[in-house]
Amino acid sequence: FGIWMLVLNPALFSEGWMHAKFLLVLLMAGCHGKFSKMRRLLENDEKPLTTKSYRIWNEVPTVLMIGIIVMAVVKPF
């Protein structure tokens with residue numbers, strides 16, 4: 001629906017909040033890639049990070065999701 005919304009209203013590309021939202025969505029995609037690599041390493045019994053690091057990484061998608069929702073609902077820029 002997001003792509004459809006942009007096709008119907010291309011003026012959204014000039015909004016500052018949409019740029020911030022795109023950045024946060026790209027960071028979420030990068031986070032997904034990082035998690036995929038972490039999973040592969042853990043499947044091979046490799047633990048390159050500490051448990052504290054894994055707990056911190058666990059919160060990153062939540063913070064990104066909150067930012068994405070705020071950009072879409074509040075449109076602060």
# chains A, B, ... in the order shown; residues from 1 in each chain; ligands from 1
$ select_by_dssp --residues "chain A" --states "alpha helix (DSSP H)" --output "PyMOL selection string"
chain A and resi 2-8+16-43+51-73
$ atom_distance --atom1 "atom CA of A:Met18" --atom2 "atom CA of A:Ile68"
9.4 Å
$ residues_around --residues "A:Trp57" --least-positions-apart "3" --cutoff "12 Å" --atoms "only C-alpha atoms" --output "count of residues only"
17
$ atom_distance --atom1 "atom CA of A:Leu41" --atom2 "atom CA of A:Leu24"
25.6 Å
$ residues_around --residues "A:Ala20" --least-positions-apart "5" --cutoff "9 Å" --atoms "only C-alpha atoms" --output "list of chain:residue names"
A:Val25, A:Gly67, A:Ile68, A:Met71, A:Phe77
